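Structure data follow from work22.tsv (TSV, C-alpha atoms and all ligand atoms):
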```
chain	number	residue	atom	x	y	z
R	229	MET	CA	9.50	-107.27	28.98
R	230	ALA	CA	7.38	-109.71	31.06
R	231	PRO	CA	8.83	-110.61	34.47
R	232	ILE	CA	10.20	-114.15	34.75
R	233	LEU	CA	7.76	-114.90	37.57
R	234	ASP	CA	4.39	-113.16	37.91
R	235	ILE	CA	2.52	-114.94	40.66
R	236	HIS	CA	-0.66	-114.37	42.63
R	237	VAL	CA	-1.97	-117.51	44.30
R	238	GLN	CA	-4.86	-117.66	46.73
R	239	THR	CA	-6.23	-120.76	48.39
R	240	THR	CA	-7.47	-121.98	51.75
R	241	LEU	CA	-6.29	-125.28	53.19
R	242	GLU	CA	-8.81	-126.79	55.54
R	243	SER	CA	-8.90	-129.72	57.89
R	244	PRO	CA	-11.14	-130.30	60.91
R	245	GLY	CA	-10.66	-127.39	63.32
R	246	ARG	CA	-7.91	-125.74	61.29
R	247	SER	CA	-7.58	-123.58	58.22
R	248	PHE	CA	-4.72	-121.77	56.51
R	249	ALA	CA	-5.29	-118.88	54.11
R	250	LEU	CA	-2.68	-118.25	51.44
R	251	ASP	CA	-2.72	-115.02	49.45
R	252	ALA	CA	0.76	-114.64	47.98
R	253	ARG	CA	1.56	-112.11	45.29
R	254	PHE	CA	4.99	-111.38	43.85
R	255	THR	CA	6.97	-110.86	40.68
R	256	SER	CA	10.60	-111.59	39.98
R	257	THR	CA	12.81	-110.45	37.15
R	258	THR	CA	15.71	-112.74	38.04
R	259	ALA	CA	16.36	-116.28	36.77
R	260	ARG	CA	16.75	-117.69	40.28
R	261	THR	CA	14.49	-116.56	43.12
R	262	ALA	CA	14.50	-117.74	46.73
R	263	LEU	CA	11.26	-118.08	48.68
R	264	ILE	CA	11.93	-117.79	52.39
R	265	GLY	CA	9.82	-117.53	55.56
R	266	ALA	CA	9.15	-119.20	58.88
R	267	SER	CA	8.04	-122.81	59.13
R	268	GLY	CA	4.32	-122.95	58.31
R	269	SER	CA	4.29	-119.62	56.44
R	270	GLY	CA	3.08	-121.31	53.25
R	271	LYS	CA	6.21	-121.77	51.12
R	272	SER	CA	5.50	-125.35	50.01
R	273	THR	CA	1.87	-124.43	49.38
R	274	VAL	CA	3.00	-121.67	47.00
R	275	LEU	CA	5.11	-124.21	45.08
R	276	MET	CA	2.19	-126.66	44.93
R	277	ALA	CA	-0.14	-123.89	43.73
R	278	ILE	CA	2.29	-122.93	40.97
R	279	ALA	CA	2.72	-126.58	39.95
R	280	GLY	CA	-1.06	-127.10	39.77
R	281	LEU	CA	-1.04	-129.52	42.72
R	282	ALA	CA	-2.87	-127.44	45.35
R	283	PRO	CA	-6.66	-127.45	45.66
R	284	ARG	CA	-8.97	-124.62	44.53
R	285	VAL	CA	-6.31	-122.04	43.69
R	286	ARG	CA	-7.41	-118.64	42.43
R	287	GLY	CA	-5.24	-115.93	40.89
R	288	HIS	CA	-2.60	-116.12	38.20
R	289	VAL	CA	0.68	-117.85	37.43
R	290	ARG	CA	2.72	-116.49	34.52
R	291	ILE	CA	6.19	-117.74	33.71
R	292	ALA	CA	8.16	-115.51	31.33
R	293	GLY	CA	4.90	-114.36	29.78
R	294	THR	CA	3.30	-117.82	29.48
R	295	THR	CA	0.07	-118.14	31.46
R	296	LEU	CA	-0.45	-121.37	33.42
R	297	LEU	CA	-3.29	-120.07	35.58
R	298	ASP	CA	-5.57	-117.08	35.28
R	299	THR	CA	-8.83	-117.75	37.03
R	300	ASP	CA	-10.30	-114.38	35.94
R	301	HIS	CA	-10.06	-115.69	32.39
R	302	ALA	CA	-10.88	-119.35	33.08
R	303	VAL	CA	-7.31	-120.54	32.39
R	304	ASP	CA	-6.19	-123.38	34.68
R	305	LEU	CA	-3.77	-125.79	33.02
R	306	PRO	CA	-3.59	-129.25	34.62
R	307	ALA	CA	-0.33	-130.06	36.42
R	308	ARG	CA	1.05	-132.19	33.60
R	309	ALA	CA	0.52	-129.43	31.02
R	310	ARG	CA	2.25	-126.75	33.11
R	311	ARG	CA	5.79	-127.91	32.33
R	312	VAL	CA	6.99	-127.26	35.84
R	313	GLY	CA	9.76	-129.46	37.30
R	314	LEU	CA	9.65	-130.22	41.03
R	315	VAL	CA	12.47	-131.39	43.30
R	316	PHE	CA	11.64	-132.18	46.92
R	317	GLN	CA	13.81	-132.22	50.02
R	318	ASP	CA	14.12	-136.03	50.00
R	319	TYR	CA	14.35	-136.08	46.17
R	320	ALA	CA	11.33	-138.45	46.01
R	321	LEU	CA	12.94	-140.88	43.58
R	322	PHE	CA	10.83	-143.93	42.81
R	323	PRO	CA	12.53	-146.71	44.80
R	324	HIS	CA	11.30	-149.52	42.54
R	325	MET	CA	12.70	-147.86	39.41
R	326	THR	CA	16.30	-147.69	38.25
R	327	VAL	CA	17.98	-144.34	37.60
R	328	GLU	CA	17.12	-144.65	33.91
R	329	GLN	CA	13.49	-145.51	34.63
R	330	ASN	CA	13.26	-142.56	37.01
R	331	LEU	CA	14.54	-140.28	34.24
R	332	ALA	CA	12.10	-141.80	31.74
R	333	PHE	CA	9.16	-141.34	34.09
R	334	GLY	CA	8.95	-137.62	33.49
R	335	LEU	CA	9.00	-138.11	29.74
R	336	CYS	CA	6.66	-140.97	28.93
R	337	ARG	CA	2.95	-141.33	29.32
R	338	LEU	CA	2.06	-143.80	32.03
R	339	GLY	CA	2.60	-147.39	30.88
R	340	GLN	CA	4.19	-146.41	27.55
R	341	ARG	CA	7.70	-147.24	26.46
R	342	PRO	CA	10.13	-144.36	25.85
R	343	SER	CA	10.14	-143.14	22.23
R	344	GLU	CA	13.37	-142.67	20.26
R	345	ALA	CA	13.31	-138.96	21.14
R	346	ASP	CA	12.88	-139.86	24.84
R	347	ARG	CA	15.91	-142.15	24.63
R	348	VAL	CA	18.02	-139.40	23.11
R	349	ARG	CA	16.92	-137.01	25.87
R	350	ILE	CA	17.79	-139.60	28.55
R	351	ASP	CA	21.24	-140.06	26.97
R	352	VAL	CA	21.84	-136.30	26.97
R	353	LEU	CA	20.73	-135.92	30.60
R	354	SER	CA	22.79	-138.91	31.74
R	355	ARG	CA	25.87	-137.31	30.21
R	356	GLN	CA	25.01	-133.81	31.47
R	357	PHE	CA	24.49	-134.99	35.04
R	358	ASP	CA	27.29	-137.53	35.07
R	359	LEU	CA	24.94	-140.49	35.53
R	360	GLU	CA	26.08	-142.71	32.67
R	361	THR	CA	27.55	-145.43	34.87
R	362	LEU	CA	24.55	-145.34	37.22
R	363	ARG	CA	21.72	-145.83	34.73
R	364	GLY	CA	20.94	-149.34	35.97
R	365	ALA	CA	21.35	-148.53	39.67
R	366	TRP	CA	18.56	-148.46	42.27
R	367	PRO	CA	18.02	-145.23	44.23
R	368	ARG	CA	18.81	-146.98	47.55
R	369	HIS	CA	22.32	-147.68	46.29
R	370	LEU	CA	23.07	-144.05	45.43
R	371	SER	CA	24.83	-141.41	47.53
R	372	GLY	CA	23.06	-138.18	48.52
R	373	GLY	CA	24.82	-136.30	45.75
R	374	GLN	CA	23.96	-138.91	43.14
R	375	ARG	CA	20.32	-138.86	44.24
R	376	GLN	CA	20.26	-135.09	43.94
R	377	ARG	CA	21.62	-135.31	40.39
R	378	VAL	CA	19.00	-137.91	39.41
R	379	ALA	CA	16.19	-135.80	40.94
R	380	LEU	CA	17.34	-132.70	39.07
R	381	ALA	CA	17.81	-134.59	35.80
R	382	ARG	CA	14.33	-136.15	36.17
R	383	ALA	CA	12.75	-132.75	36.84
R	384	LEU	CA	14.53	-131.26	33.83
R	385	ALA	CA	13.82	-134.20	31.48
R	386	PRO	CA	10.59	-132.79	30.00
R	387	GLN	CA	12.32	-129.42	29.42
R	388	PRO	CA	10.26	-127.49	31.97
R	389	HIS	CA	9.68	-123.74	31.78
R	390	LEU	CA	10.22	-123.51	35.54
R	391	LEU	CA	12.06	-125.49	38.19
R	392	LEU	CA	10.69	-125.57	41.75
R	393	LEU	CA	13.13	-126.70	44.42
R	394	ASP	CA	11.69	-127.36	47.88
R	395	GLU	CA	14.57	-127.31	50.37
R	396	PRO	CA	16.74	-129.47	48.12
R	397	LEU	CA	19.72	-129.50	50.51
R	398	SER	CA	18.16	-129.55	53.96
R	399	ALA	CA	18.21	-133.33	54.42
R	400	LEU	CA	22.00	-133.47	54.04
R	401	ASP	CA	24.76	-133.23	56.62
R	402	THR	CA	26.85	-130.07	56.68
R	403	THR	CA	29.81	-131.32	54.67
R	404	LEU	CA	27.67	-132.77	51.91
R	405	ARG	CA	25.41	-129.73	51.90
R	406	ILE	CA	28.34	-127.40	51.23
R	407	ARG	CA	29.58	-129.55	48.35
R	408	LEU	CA	26.15	-130.09	46.81
R	409	ARG	CA	25.25	-126.42	47.14
R	410	ALA	CA	28.22	-125.58	44.95
R	411	GLU	CA	27.30	-128.35	42.48
R	412	LEU	CA	23.68	-127.20	42.39
R	413	ALA	CA	24.74	-123.59	41.76
R	414	GLU	CA	26.87	-124.77	38.87
R	415	MET	CA	24.08	-126.97	37.45
R	416	LEU	CA	21.48	-124.21	37.66
R	417	GLU	CA	23.85	-121.83	35.91
R	418	ARG	CA	24.36	-124.42	33.17
R	419	VAL	CA	20.72	-125.40	32.53
R	420	GLN	CA	19.36	-121.83	32.56
R	421	VAL	CA	15.80	-122.74	33.58
R	422	PRO	CA	13.98	-120.17	35.73
R	423	THR	CA	14.05	-121.46	39.29
R	424	LEU	CA	12.08	-120.79	42.48
R	425	LEU	CA	13.86	-122.22	45.50
R	426	VAL	CA	12.43	-122.70	48.98
R	427	THR	CA	15.05	-122.64	51.69
R	428	HIS	CA	15.65	-121.81	55.35
R	429	ASP	CA	19.36	-121.42	54.90
R	430	PRO	CA	20.90	-117.97	54.19
R	431	SER	CA	23.90	-119.72	52.60
R	432	ASP	CA	21.55	-121.25	50.00
R	433	VAL	CA	20.09	-117.83	49.25
R	434	GLU	CA	23.54	-116.36	48.80
R	435	ALA	CA	24.86	-119.17	46.59
R	436	LEU	CA	21.77	-120.04	44.57
R	437	ALA	CA	19.45	-117.06	44.27
R	438	GLN	CA	19.57	-113.59	42.75
R	439	SER	CA	16.46	-112.26	44.49
R	440	VAL	CA	14.38	-113.10	47.54
R	441	VAL	CA	10.67	-113.21	48.32
R	442	GLN	CA	9.65	-113.44	51.98
R	443	LEU	CA	6.43	-115.11	53.08
R	444	ASP	CA	4.84	-114.41	56.42
R	445	ASP	CA	1.66	-116.21	57.45
R	446	GLY	CA	0.53	-116.86	53.88
R	447	ALA	CA	1.33	-113.40	52.45
R	448	VAL	CA	4.38	-111.75	50.92
R	449	ARG	CA	5.84	-109.11	53.21
R	450	GLY	CA	7.83	-106.23	51.77
R	451	PRO	CA	9.38	-106.04	48.36
R	452	GLY	CA	12.19	-108.56	49.04
R	453	PHE	CA	15.58	-107.71	47.62
R	454	THR	CA	17.47	-108.31	44.44
R	455	ALA	CA	21.14	-109.10	44.72
R	456	PRO	CA	23.42	-106.65	42.89
V	1	LIG	N1	-5.07	-129.55	55.04
V	1	LIG	C1	-4.68	-128.54	55.81
V	1	LIG	N2	-5.55	-127.91	56.61
V	1	LIG	C2	-5.20	-126.86	57.37
V	1	LIG	N3	-3.97	-126.35	57.39
V	1	LIG	C3	-3.05	-126.94	56.61
V	1	LIG	C4	-3.35	-128.07	55.79
V	1	LIG	N4	-2.21	-128.42	55.12
V	1	LIG	C5	-1.26	-127.57	55.55
V	1	LIG	N5	-1.74	-126.68	56.43
V	1	LIG	C6	-1.04	-125.58	57.08
V	1	LIG	O1	-0.67	-124.67	56.08
V	1	LIG	C7	0.46	-123.92	56.52
V	1	LIG	C8	1.45	-123.80	55.38
V	1	LIG	O2	2.07	-125.06	55.14
V	1	LIG	P1	3.35	-125.14	54.20
V	1	LIG	O3	3.77	-126.57	54.18
V	1	LIG	O4	3.06	-124.48	52.92
V	1	LIG	O5	4.39	-124.25	55.02
V	1	LIG	P2	5.96	-124.08	54.80
V	1	LIG	O6	6.24	-122.62	54.88
V	1	LIG	O7	6.39	-124.78	53.55
V	1	LIG	O8	6.51	-124.81	56.09
V	1	LIG	P3	7.90	-125.59	56.38
V	1	LIG	O9	8.99	-124.57	56.23
V	1	LIG	O10	7.75	-126.07	57.78
V	1	LIG	O11	8.00	-126.71	55.37
V	1	LIG	C9	0.99	-124.63	57.74
V	1	LIG	O12	0.65	-123.87	58.88
V	1	LIG	C10	0.26	-125.96	57.74
V	1	LIG	O13	0.06	-126.43	59.05
```
Could you express the structure from this file as structure tokens?
Ligand SMILES: Nc1ncnc2c1ncn2[C@@H]1O[C@H](COP(=O)(O)OP(=O)(O)OP(=O)(O)O)[C@@H](O)[C@H]1O
Amino acid sequence: MAPILDIHVQTTLESPGRSFALDARFTSTTARTALIGASGSGKSTVLMAIAGLAPRVRGHVRIAGTTLLDTDHAVDLPARARRVGLVFQDYALFPHMTVEQNLAFGLCRLGQRPSEADRVRIDVLSRQFDLETLRGAWPRHLSGGQRQRVALARALAPQPHLLLLDEPLSALDTTLRIRLRAELAEMLERVQVPTLLVTHDPSDVEALAQSVVQLDDGAVRGPGFTAP
């Protein structure tokens, strides 16, 4: 059976006087994988490369047997066609859009109104993520936990094949982080979408991931471990 994640991404980031070479290769057979490593080791760049948002990436990205990138065979799907959901540390909700509009954003083509099917999907997600009473609310009026639920629901709206979470809990204070970690674990269990999670926090790894990949200066070191 194909691994859930089969990744080899190579790119060089360059700015005047500085360059960073990424050459990260790993596979994972678990539904939820943590990507760890020191600050600057290339974790976010790996996520961007998988999502199709990093420049000049070579290598391959296969998710449960589906190829998103294979530069040896001239396959390089654009970001929108990759069906990868992204959630950032600050959740990156659109401040000028209501909760419902944020959810619709991932579904509709730019400038188009949601179709009937989109509306049904938004209804389902609003129920699933307990957002029904918040559909008309603005992001600035939401709590940290509510924002996290909107960001996850928005990322999952187009039914992605893969969810990428970039330090989704690190902006929160300790009390909220503990509560939201438990909620996130429960949500990930429920939605059953393969997930790659960047984190610095061993408690996140323990609660949210079943295997670990460690990056060191742009490369994967060692085989990582798979939780029993
Ligand atoms: N345009 C660029 N030119 C040169 N180097 C860059 C450029 N953009 C990013 N980098 C460098 O690439 C490296 C990897 O960055 P990345 O954000 O992927 O690291 P990270 O592991 O996610 O870090 P953190 O944990 O601090 O978020 C860093 O050393 C960063 O300074």
Which residues are near ligand LIG 1 (chain V) in this structure, taking near to mean any atom at most 7 Å from a ligand atom and counting all atoms listed in the file? Format them as a tab-separated table (two decimals) with C-alpha atoms, in the coordinates of the input.
```tsv
chain	number	residue	atom	x	y	z
R	241	LEU	CA	-6.29	-125.28	53.19
R	242	GLU	CA	-8.81	-126.79	55.54
R	243	SER	CA	-8.90	-129.72	57.89
R	246	ARG	CA	-7.91	-125.74	61.29
R	247	SER	CA	-7.58	-123.58	58.22
R	248	PHE	CA	-4.72	-121.77	56.51
R	265	GLY	CA	9.82	-117.53	55.56
R	266	ALA	CA	9.15	-119.20	58.88
R	267	SER	CA	8.04	-122.81	59.13
R	268	GLY	CA	4.32	-122.95	58.31
R	269	SER	CA	4.29	-119.62	56.44
R	270	GLY	CA	3.08	-121.31	53.25
R	271	LYS	CA	6.21	-121.77	51.12
R	272	SER	CA	5.50	-125.35	50.01
R	273	THR	CA	1.87	-124.43	49.38
R	274	VAL	CA	3.00	-121.67	47.00
```
Q: Using all atoms listed in the file, determine which residues lie at most 8 Å from segment 231-234 of chain R, disregarding the query and same-chain residues fewer than 4 positions distant; provide the list as a PyMOL selection string.
A: chain R and resi 253-259+288-293+422
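Note that atom CA of Ala447 of chain R and atom CA of Asp251 of chain R are 5.3 Å apart.
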List every residue of segment 410-433 of chain R that has an atom at most 12 Å from any atom of segment 362-382 of chain R, giving for each one its closest atom pair and the distance in Å to one decimal, counting all atoms listed in the file, sorted by chain and then by ascending residue number, as CSV.
```
residue,atom,partner,partner_atom,distance
R:Ala410,CA,R:Gly373,CA,11.3
R:Glu411,CA,R:Gly373,CA,8.9
R:Leu412,CA,R:Arg377,CA,8.6
R:Glu414,CA,R:Arg377,CA,11.9
R:Met415,CA,R:Leu380,CA,9.0
R:Leu416,CA,R:Leu380,CA,9.6
R:Val419,CA,R:Ala381,CA,10.2
R:Val421,CA,R:Leu380,CA,11.5
R:Thr423,CA,R:Leu380,CA,11.7
```
Q: Report the distance between atom CA of Asp298 of chain R and atom CA of Ile264 of chain R in Å, rounded to one decimal place.
A: 24.5 Å
Q) Pick the closest to Arg310 of chain R from R:His389, R:Arg349, R:Arg286, R:Arg260: which is it, counting all atoms listed in the file? A) R:His389
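Once segment 395-409 of chain R and its same-chain neighbours fewer than 6 positions away are set aside, Val315, Phe316, Gln317, Asp318, Tyr319, Gly372, Gly373, Gln376, Leu425, Val426, Thr427, His428, Asp432, Ala435 and Leu436 of chain R remain within 8 Å of it when counting all atoms listed in the file.
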(Q) Under the rule that only C-alpha atoms are counted, which of R:Pro388, R:Pro244, R:Pro430, R:Pro323 is the nearest residue to Ala307 of chain R? (A) R:Pro388
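What separates atom CA of Ala262 of chain R from atom CA of Ala437 of chain R is a distance of 5.6 Å.
Distances here use only C-alpha atoms; by that measure, the residue among R:Pro386, R:Pro306, R:Gly313, R:Gly245 closest to Leu424 of chain R is R:Gly313.
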Q.
When you count all atoms listed in the file, which of these residues is closest to Cys336 of chain R: R:Gln238, R:Ile350, R:Ala230, R:Gln420?
A. R:Ile350
Q: List the neighbours of Ala332 of chain R out to 9 Å using only C-alpha atoms; skip same-chain residues closer than 2 positions along the sequence, and give me the result as a list in words.
A: Val327, Glu328, Gln329, Asn330, Gly334, Leu335, Cys336, Arg341, Pro342, Asp346, Arg347, Arg349, Ile350, Arg382 and Ala385 of chain R
Filtering to C-alpha atoms, could you give me those residues as a short mmCIF file (atom, residue, chain, number, x, y, z; two decimals), in the coordinates of the input?
```cif
data_model
loop_
_atom_site.label_atom_id
_atom_site.label_comp_id
_atom_site.auth_asym_id
_atom_site.auth_seq_id
_atom_site.Cartn_x
_atom_site.Cartn_y
_atom_site.Cartn_z
CA VAL R 327 17.98 -144.34 37.60
CA GLU R 328 17.12 -144.65 33.91
CA GLN R 329 13.49 -145.51 34.63
CA ASN R 330 13.26 -142.56 37.01
CA GLY R 334 8.95 -137.62 33.49
CA LEU R 335 9.00 -138.11 29.74
CA CYS R 336 6.66 -140.97 28.93
CA ARG R 341 7.70 -147.24 26.46
CA PRO R 342 10.13 -144.36 25.85
CA ASP R 346 12.88 -139.86 24.84
CA ARG R 347 15.91 -142.15 24.63
CA ARG R 349 16.92 -137.01 25.87
CA ILE R 350 17.79 -139.60 28.55
CA ARG R 382 14.33 -136.15 36.17
CA ALA R 385 13.82 -134.20 31.48
#
```
